[in-house]
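**Q** Quick one: the structure is below, and I'll ask about it shortly.
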Amino acid sequence: MADSTLWWLLAGGAVAAELLTGTFYLLMLAVGMAAGALAAHAGGGLATQLVTAAVVGGGAVAAWHFVRRRGQAGKAGENTNLDFDAGEAVHVDAWTEDNTATVRYRGAVWTAVPAGGVPGGTGTHRVREVSGSRLVVEKI
């Protein structure tokens with residue numbers, strides 16, 4: 001079997017493994033293996049193929065890591081948690097001394113806390129956000 005065929009099979013295996021695991025880094029390694037295959041097609045020796053695959057694959061992994069880190073650094077101050085519960089209505093029967101209430105929402109019992117820190121009375125409230133396992137609510 002030719003060296004280039006082995007490199008192409010390894011690259012295909014890395015792509016298949018990426019499809020099963022969902023890690024983008026395996027695709028970057030597959031790019032390196034494809035570079036090793038191209039080095040084999042160009043007539044390079046085994047050492048040249050290995051160095052080419054390592055440099056291109058490792059460089060692609062490092063580049064993807066830095067691109068991904070830069071993208072996350074810009075979002076550090078943003079709330080990336082998509083809150084699908086915001087705007088939904090709940091009914092508060094009573095507030096406790098520690099400014100919490102027990103409400104039924106989506107078929108479960110939740111602890112609700114007032115958005116401003118001070119309860120606005122009983123009755124219908126709107127969910128502003130979900131903070132951990134608590135609903136932050138405001139009076140409607």
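Following the order of the structure tokens, chains are lettered A, B, ..., residues in each are numbered from 1, and ligands are numbered from 1.
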Neighbouring residues of stretch 7-11 of chain A were defined as those with any atom within 9 Å, considering only C-alpha atoms; residues of the same chain fewer than 6 positions away were excluded. Please report them as an MDAnalysis selection string.
**A** chainID A and resid 27 29:38 40
**Q** Could the residues in this selection be saved with N, CA and C atoms as an mmCIF file, in the first residue's frame?
**A**
data_model
loop_
_atom_site.group_PDB
_atom_site.id
_atom_site.type_symbol
_atom_site.label_atom_id
_atom_site.label_comp_id
_atom_site.auth_asym_id
_atom_site.auth_seq_id
_atom_site.Cartn_x
_atom_site.Cartn_y
_atom_site.Cartn_z
ATOM 1 N N LEU A 27 -11.014 17.452 13.010
ATOM 2 C CA LEU A 27 -10.968 17.918 11.618
ATOM 3 C C LEU A 27 -9.653 18.625 11.320
ATOM 4 N N LEU A 29 -6.808 17.944 12.751
ATOM 5 C CA LEU A 29 -5.810 16.888 12.619
ATOM 6 C C LEU A 29 -5.945 16.178 11.276
ATOM 7 N N ALA A 30 -7.172 16.029 10.790
ATOM 8 C CA ALA A 30 -7.391 15.424 9.475
ATOM 9 C C ALA A 30 -6.764 16.280 8.376
ATOM 10 N N VAL A 31 -6.804 17.600 8.542
ATOM 11 C CA VAL A 31 -6.138 18.488 7.582
ATOM 12 C C VAL A 31 -4.638 18.207 7.576
ATOM 13 N N GLY A 32 -4.072 17.994 8.750
ATOM 14 C CA GLY A 32 -2.653 17.649 8.833
ATOM 15 C C GLY A 32 -2.352 16.326 8.159
ATOM 16 N N MET A 33 -3.228 15.346 8.328
ATOM 17 C CA MET A 33 -3.028 14.050 7.677
ATOM 18 C C MET A 33 -3.152 14.167 6.170
ATOM 19 N N ALA A 34 -4.046 15.020 5.713
ATOM 20 C CA ALA A 34 -4.153 15.261 4.267
ATOM 21 C C ALA A 34 -2.882 15.930 3.748
ATOM 22 N N ALA A 35 -2.292 16.805 4.544
ATOM 23 C CA ALA A 35 -1.017 17.418 4.151
ATOM 24 C C ALA A 35 0.074 16.354 4.074
ATOM 25 N N GLY A 36 0.051 15.391 4.985
ATOM 26 C CA GLY A 36 0.998 14.274 4.917
ATOM 27 C C GLY A 36 0.800 13.458 3.651
ATOM 28 N N ALA A 37 -0.457 13.266 3.256
ATOM 29 C CA ALA A 37 -0.748 12.544 2.009
ATOM 30 C C ALA A 37 -0.222 13.312 0.803
ATOM 31 N N LEU A 38 -0.386 14.623 0.813
ATOM 32 C CA LEU A 38 0.129 15.432 -0.302
ATOM 33 C C LEU A 38 1.653 15.398 -0.348
ATOM 34 N N ALA A 40 3.394 12.845 0.554
ATOM 35 C CA ALA A 40 3.702 11.526 -0.010
ATOM 36 C C ALA A 40 3.519 11.533 -1.518
#
**Q** Enumerate, as a ChimeraX atom specification, the complete set of residues in stretch 47-120 of chain A that a backbone-based DSSP assignment places in helix (DSSP H, G or I).
**A** /A:47-74
**Q** For the residues in the current selection, export N, CA, C and O atoms as a CSV table (one decimal), in the first residue's frame.
**A**
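Full text of again.csv as output:
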chain,number,residue,atom,x,y,z
A,47,ALA,N,10.0,10.8,6.9
A,47,ALA,CA,10.2,11.9,7.8
A,47,ALA,C,9.6,13.2,7.4
A,47,ALA,O,9.0,13.9,8.2
A,48,THR,N,9.7,13.5,6.1
A,48,THR,CA,9.0,14.7,5.5
A,48,THR,C,7.5,14.6,5.7
A,48,THR,O,6.9,15.6,6.0
A,49,GLN,N,7.0,13.4,5.4
A,49,GLN,CA,5.5,13.3,5.6
A,49,GLN,C,5.1,13.5,7.0
A,49,GLN,O,4.1,14.2,7.3
A,50,LEU,N,5.8,12.9,7.9
A,50,LEU,CA,5.5,13.0,9.4
A,50,LEU,C,5.6,14.5,9.8
A,50,LEU,O,4.7,15.0,10.5
A,51,VAL,N,6.7,15.1,9.4
A,51,VAL,CA,6.9,16.5,9.9
A,51,VAL,C,5.8,17.4,9.2
A,51,VAL,O,5.2,18.3,9.9
A,52,THR,N,5.5,17.2,8.0
A,52,THR,CA,4.4,18.0,7.3
A,52,THR,C,3.1,17.8,8.0
A,52,THR,O,2.4,18.8,8.3
A,53,ALA,N,2.7,16.6,8.3
A,53,ALA,CA,1.5,16.3,8.9
A,53,ALA,C,1.4,16.9,10.3
A,53,ALA,O,0.4,17.5,10.7
A,54,ALA,N,2.5,16.8,11.1
A,54,ALA,CA,2.6,17.3,12.4
A,54,ALA,C,2.5,18.8,12.4
A,54,ALA,O,1.8,19.4,13.2
A,55,VAL,N,3.2,19.5,11.5
A,55,VAL,CA,3.3,20.9,11.5
A,55,VAL,C,1.9,21.5,11.1
A,55,VAL,O,1.4,22.4,11.7
A,56,VAL,N,1.4,21.0,10.0
A,56,VAL,CA,0.1,21.5,9.5
A,56,VAL,C,-1.0,21.1,10.5
A,56,VAL,O,-1.8,22.0,10.8
A,57,GLY,N,-1.1,19.9,10.9
A,57,GLY,CA,-2.2,19.5,11.9
A,57,GLY,C,-2.1,20.3,13.2
A,57,GLY,O,-3.0,20.8,13.7
A,58,GLY,N,-0.8,20.3,13.7
A,58,GLY,CA,-0.7,21.0,15.0
A,58,GLY,C,-0.9,22.5,14.9
A,58,GLY,O,-1.5,23.1,15.7
A,59,GLY,N,-0.5,23.1,13.7
A,59,GLY,CA,-0.7,24.5,13.5
A,59,GLY,C,-2.2,24.8,13.3
A,59,GLY,O,-2.7,25.8,13.8
A,60,ALA,N,-2.9,23.9,12.7
A,60,ALA,CA,-4.4,24.1,12.5
A,60,ALA,C,-5.1,24.0,13.8
A,60,ALA,O,-6.0,24.8,14.1
A,61,VAL,N,-4.7,23.0,14.7
A,61,VAL,CA,-5.3,22.9,16.0
A,61,VAL,C,-5.0,24.2,16.8
A,61,VAL,O,-5.9,24.7,17.5
A,62,ALA,N,-3.8,24.6,16.8
A,62,ALA,CA,-3.4,25.9,17.6
A,62,ALA,C,-4.2,27.1,17.0
A,62,ALA,O,-4.7,27.9,17.8
A,63,ALA,N,-4.3,27.2,15.7
A,63,ALA,CA,-5.0,28.3,15.1
A,63,ALA,C,-6.5,28.3,15.5
A,63,ALA,O,-7.1,29.3,15.9
A,64,TRP,N,-7.1,27.1,15.5
A,64,TRP,CA,-8.5,27.0,15.9
A,64,TRP,C,-8.7,27.3,17.3
A,64,TRP,O,-9.7,27.9,17.7
A,65,HIS,N,-7.8,26.8,18.2
A,65,HIS,CA,-7.8,27.1,19.6
A,65,HIS,C,-7.8,28.6,19.9
A,65,HIS,O,-8.6,29.1,20.6
A,66,PHE,N,-6.9,29.4,19.2
A,66,PHE,CA,-6.8,30.8,19.4
A,66,PHE,C,-8.0,31.5,18.8
A,66,PHE,O,-8.5,32.5,19.4
A,67,VAL,N,-8.6,31.1,17.7
A,67,VAL,CA,-9.7,31.7,17.1
A,67,VAL,C,-10.9,31.5,18.0
A,67,VAL,O,-11.7,32.4,18.3
A,68,ARG,N,-11.1,30.3,18.6
A,68,ARG,CA,-12.2,30.0,19.5
A,68,ARG,C,-12.0,30.8,20.8
A,68,ARG,O,-13.0,31.3,21.3
A,69,ARG,N,-10.8,30.9,21.3
A,69,ARG,CA,-10.6,31.6,22.5
A,69,ARG,C,-10.9,33.1,22.3
A,69,ARG,O,-11.5,33.8,23.2
A,70,ARG,N,-10.5,33.7,21.2
A,70,ARG,CA,-10.8,35.1,20.9
A,70,ARG,C,-12.3,35.3,20.8
A,70,ARG,O,-12.8,36.3,21.3
A,71,GLY,N,-13.0,34.4,20.2
A,71,GLY,CA,-14.5,34.5,20.1
A,71,GLY,C,-15.2,34.5,21.4
A,71,GLY,O,-16.1,35.2,21.7
A,72,GLN,N,-14.6,33.7,22.3
A,72,GLN,CA,-15.2,33.6,23.7
A,72,GLN,C,-14.9,34.8,24.5
A,72,GLN,O,-15.6,35.2,25.4
A,73,ALA,N,-13.7,35.4,24.3
A,73,ALA,CA,-13.3,36.5,25.1
A,73,ALA,C,-14.2,37.7,24.8
A,73,ALA,O,-14.5,38.5,25.7
A,74,GLY,N,-14.6,37.9,23.6
A,74,GLY,CA,-15.5,39.0,23.3
A,74,GLY,C,-16.9,38.8,23.9
A,74,GLY,O,-17.6,39.8,24.1
**Q** Atom CA of A:Pro114 to atom CA of A:Val136: how many Å, to one decimal?
**A**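 Computed distance, atom CA of A:Pro114 to atom CA of A:Val136, equals 5.7 Å.
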**Q** For A:Asp85, list every protein, DNA or RNA residue within 10 Å, evaluated using only C-alpha atoms, and leave out those in the same chain fewer than 5 positions away; present the list as number ranges by chain.
**A** A: 105-106, 126-130, 135
**Q** Could you save the residues just selected, with all heavy atoms, as an mmCIF file, in the first residue's frame?
**A**
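Now in result_4.cif:
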data_model
loop_
_atom_site.group_PDB
_atom_site.id
_atom_site.type_symbol
_atom_site.label_atom_id
_atom_site.label_comp_id
_atom_site.auth_asym_id
_atom_site.auth_seq_id
_atom_site.Cartn_x
_atom_site.Cartn_y
_atom_site.Cartn_z
ATOM 1 N N TYR A 105 -44.525 25.939 38.273
ATOM 2 C CA TYR A 105 -44.236 26.387 36.915
ATOM 3 C C TYR A 105 -43.741 25.192 36.109
ATOM 4 O O TYR A 105 -42.876 24.453 36.573
ATOM 5 C CB TYR A 105 -43.175 27.514 36.951
ATOM 6 C CG TYR A 105 -42.743 27.984 35.591
ATOM 7 C CD1 TYR A 105 -43.638 28.605 34.742
ATOM 8 C CD2 TYR A 105 -41.442 27.800 35.157
ATOM 9 C CE1 TYR A 105 -43.250 29.033 33.489
ATOM 10 C CE2 TYR A 105 -41.043 28.233 33.917
ATOM 11 C CZ TYR A 105 -41.951 28.838 33.075
ATOM 12 O OH TYR A 105 -41.574 29.253 31.836
ATOM 13 N N ARG A 106 -44.295 24.984 34.962
ATOM 14 C CA ARG A 106 -43.962 23.862 34.076
ATOM 15 C C ARG A 106 -44.081 22.518 34.784
ATOM 16 O O ARG A 106 -43.272 21.624 34.603
ATOM 17 C CB ARG A 106 -42.554 24.019 33.485
ATOM 18 C CG ARG A 106 -42.475 25.107 32.451
ATOM 19 C CD ARG A 106 -41.190 25.049 31.682
ATOM 20 N NE ARG A 106 -40.058 25.458 32.496
ATOM 21 C CZ ARG A 106 -38.835 24.992 32.354
ATOM 22 N NH1 ARG A 106 -38.554 24.119 31.446
ATOM 23 N NH2 ARG A 106 -37.875 25.423 33.122
ATOM 24 N N ARG A 126 -44.293 38.031 36.249
ATOM 25 C CA ARG A 126 -43.623 37.650 35.004
ATOM 26 C C ARG A 126 -42.211 37.191 35.330
ATOM 27 O O ARG A 126 -41.512 37.822 36.124
ATOM 28 C CB ARG A 126 -43.562 38.841 34.044
ATOM 29 C CG ARG A 126 -42.848 38.529 32.735
ATOM 30 C CD ARG A 126 -42.819 39.711 31.785
ATOM 31 N NE ARG A 126 -44.187 40.075 31.413
ATOM 32 C CZ ARG A 126 -44.734 41.262 31.653
ATOM 33 N NH1 ARG A 126 -44.059 42.197 32.263
ATOM 34 N NH2 ARG A 126 -45.965 41.509 31.277
ATOM 35 N N VAL A 127 -41.788 36.090 34.706
ATOM 36 C CA VAL A 127 -40.429 35.595 34.887
ATOM 37 C C VAL A 127 -39.483 36.497 34.102
ATOM 38 O O VAL A 127 -39.654 36.702 32.902
ATOM 39 C CB VAL A 127 -40.293 34.134 34.388
ATOM 40 C CG1 VAL A 127 -38.850 33.660 34.488
ATOM 41 C CG2 VAL A 127 -41.218 33.220 35.165
ATOM 42 N N ARG A 128 -38.536 37.093 34.803
ATOM 43 C CA ARG A 128 -37.542 37.931 34.144
ATOM 44 C C ARG A 128 -36.377 37.080 33.643
ATOM 45 O O ARG A 128 -35.891 37.266 32.545
ATOM 46 C CB ARG A 128 -37.043 39.021 35.082
ATOM 47 C CG ARG A 128 -36.013 39.924 34.395
ATOM 48 C CD ARG A 128 -35.446 40.959 35.316
ATOM 49 N NE ARG A 128 -36.395 42.054 35.504
ATOM 50 C CZ ARG A 128 -36.147 43.098 36.270
ATOM 51 N NH1 ARG A 128 -35.004 43.187 36.922
ATOM 52 N NH2 ARG A 128 -37.035 44.050 36.400
ATOM 53 N N GLU A 129 -35.923 36.141 34.498
ATOM 54 C CA GLU A 129 -34.825 35.253 34.125
ATOM 55 C C GLU A 129 -34.809 34.055 35.064
ATOM 56 O O GLU A 129 -35.493 34.046 36.079
ATOM 57 C CB GLU A 129 -33.477 35.971 34.178
ATOM 58 C CG GLU A 129 -33.079 36.412 35.579
ATOM 59 C CD GLU A 129 -31.732 37.111 35.609
ATOM 60 O OE1 GLU A 129 -30.786 36.596 34.990
ATOM 61 O OE2 GLU A 129 -31.637 38.166 36.249
ATOM 62 N N VAL A 130 -34.017 33.063 34.704
ATOM 63 C CA VAL A 130 -33.787 31.912 35.569
ATOM 64 C C VAL A 130 -32.361 32.026 36.067
ATOM 65 O O VAL A 130 -31.416 32.113 35.288
ATOM 66 C CB VAL A 130 -33.994 30.584 34.813
ATOM 67 C CG1 VAL A 130 -33.684 29.406 35.712
ATOM 68 C CG2 VAL A 130 -35.406 30.493 34.271
ATOM 69 N N LEU A 135 -36.422 31.234 39.951
ATOM 70 C CA LEU A 135 -37.039 32.136 38.988
ATOM 71 C C LEU A 135 -36.959 33.551 39.537
ATOM 72 O O LEU A 135 -37.377 33.805 40.672
ATOM 73 C CB LEU A 135 -38.505 31.781 38.767
ATOM 74 C CG LEU A 135 -38.823 30.407 38.177
ATOM 75 C CD1 LEU A 135 -40.332 30.186 38.156
ATOM 76 C CD2 LEU A 135 -38.250 30.291 36.788
#
**Q** When you count only C-alpha atoms, which of these residues is closest to A:Ser131: A:Leu6, A:Asp98, A:Ala86, A:Val92?
**A**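 Looking only at the distances to A:Ser131, the closest residue turns out to be A:Ala86.
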**Q** Could you tell me, as an mmCIF file with C-alpha atoms, in the first residue's frame, which residues of stretch 71-135 of chain A DSSP assigns to strand (DSSP E) when given the backbone?
**A**
data_model
loop_
_atom_site.group_PDB
_atom_site.id
_atom_site.type_symbol
_atom_site.label_atom_id
_atom_site.label_comp_id
_atom_site.auth_asym_id
_atom_site.auth_seq_id
_atom_site.Cartn_x
_atom_site.Cartn_y
_atom_site.Cartn_z
ATOM 1 C CA ALA A 89 -46.356 34.193 33.868
ATOM 2 C CA VAL A 90 -46.439 32.552 37.307
ATOM 3 C CA HIS A 91 -48.768 33.045 40.262
ATOM 4 C CA VAL A 92 -47.318 33.960 43.665
ATOM 5 C CA ALA A 101 -41.937 32.313 47.197
ATOM 6 C CA THR A 102 -42.828 28.808 46.132
ATOM 7 C CA VAL A 103 -44.544 28.722 42.741
ATOM 8 C CA ARG A 104 -45.675 25.996 40.376
ATOM 9 C CA TYR A 105 -44.236 26.387 36.915
ATOM 10 C CA ALA A 108 -42.691 21.554 38.999
ATOM 11 C CA VAL A 109 -42.242 23.512 42.212
ATOM 12 C CA TRP A 110 -39.788 26.424 41.874
ATOM 13 C CA THR A 111 -38.391 28.992 44.259
ATOM 14 C CA ALA A 112 -39.108 32.513 43.055
ATOM 15 C CA VAL A 113 -37.219 35.638 44.090
ATOM 16 C CA PRO A 114 -38.273 39.221 43.381
ATOM 17 C CA GLY A 123 -50.702 37.622 42.305
ATOM 18 C CA THR A 124 -49.447 37.190 38.759
ATOM 19 C CA HIS A 125 -45.763 37.796 38.129
ATOM 20 C CA ARG A 126 -43.623 37.650 35.004
ATOM 21 C CA VAL A 127 -40.429 35.595 34.887
ATOM 22 C CA ARG A 128 -37.542 37.931 34.144
ATOM 23 C CA GLU A 129 -34.825 35.253 34.125
ATOM 24 C CA VAL A 130 -33.787 31.912 35.569
ATOM 25 C CA SER A 131 -30.892 32.177 38.004
ATOM 26 C CA ARG A 134 -34.628 30.060 41.003
ATOM 27 C CA LEU A 135 -37.039 32.136 38.988
#
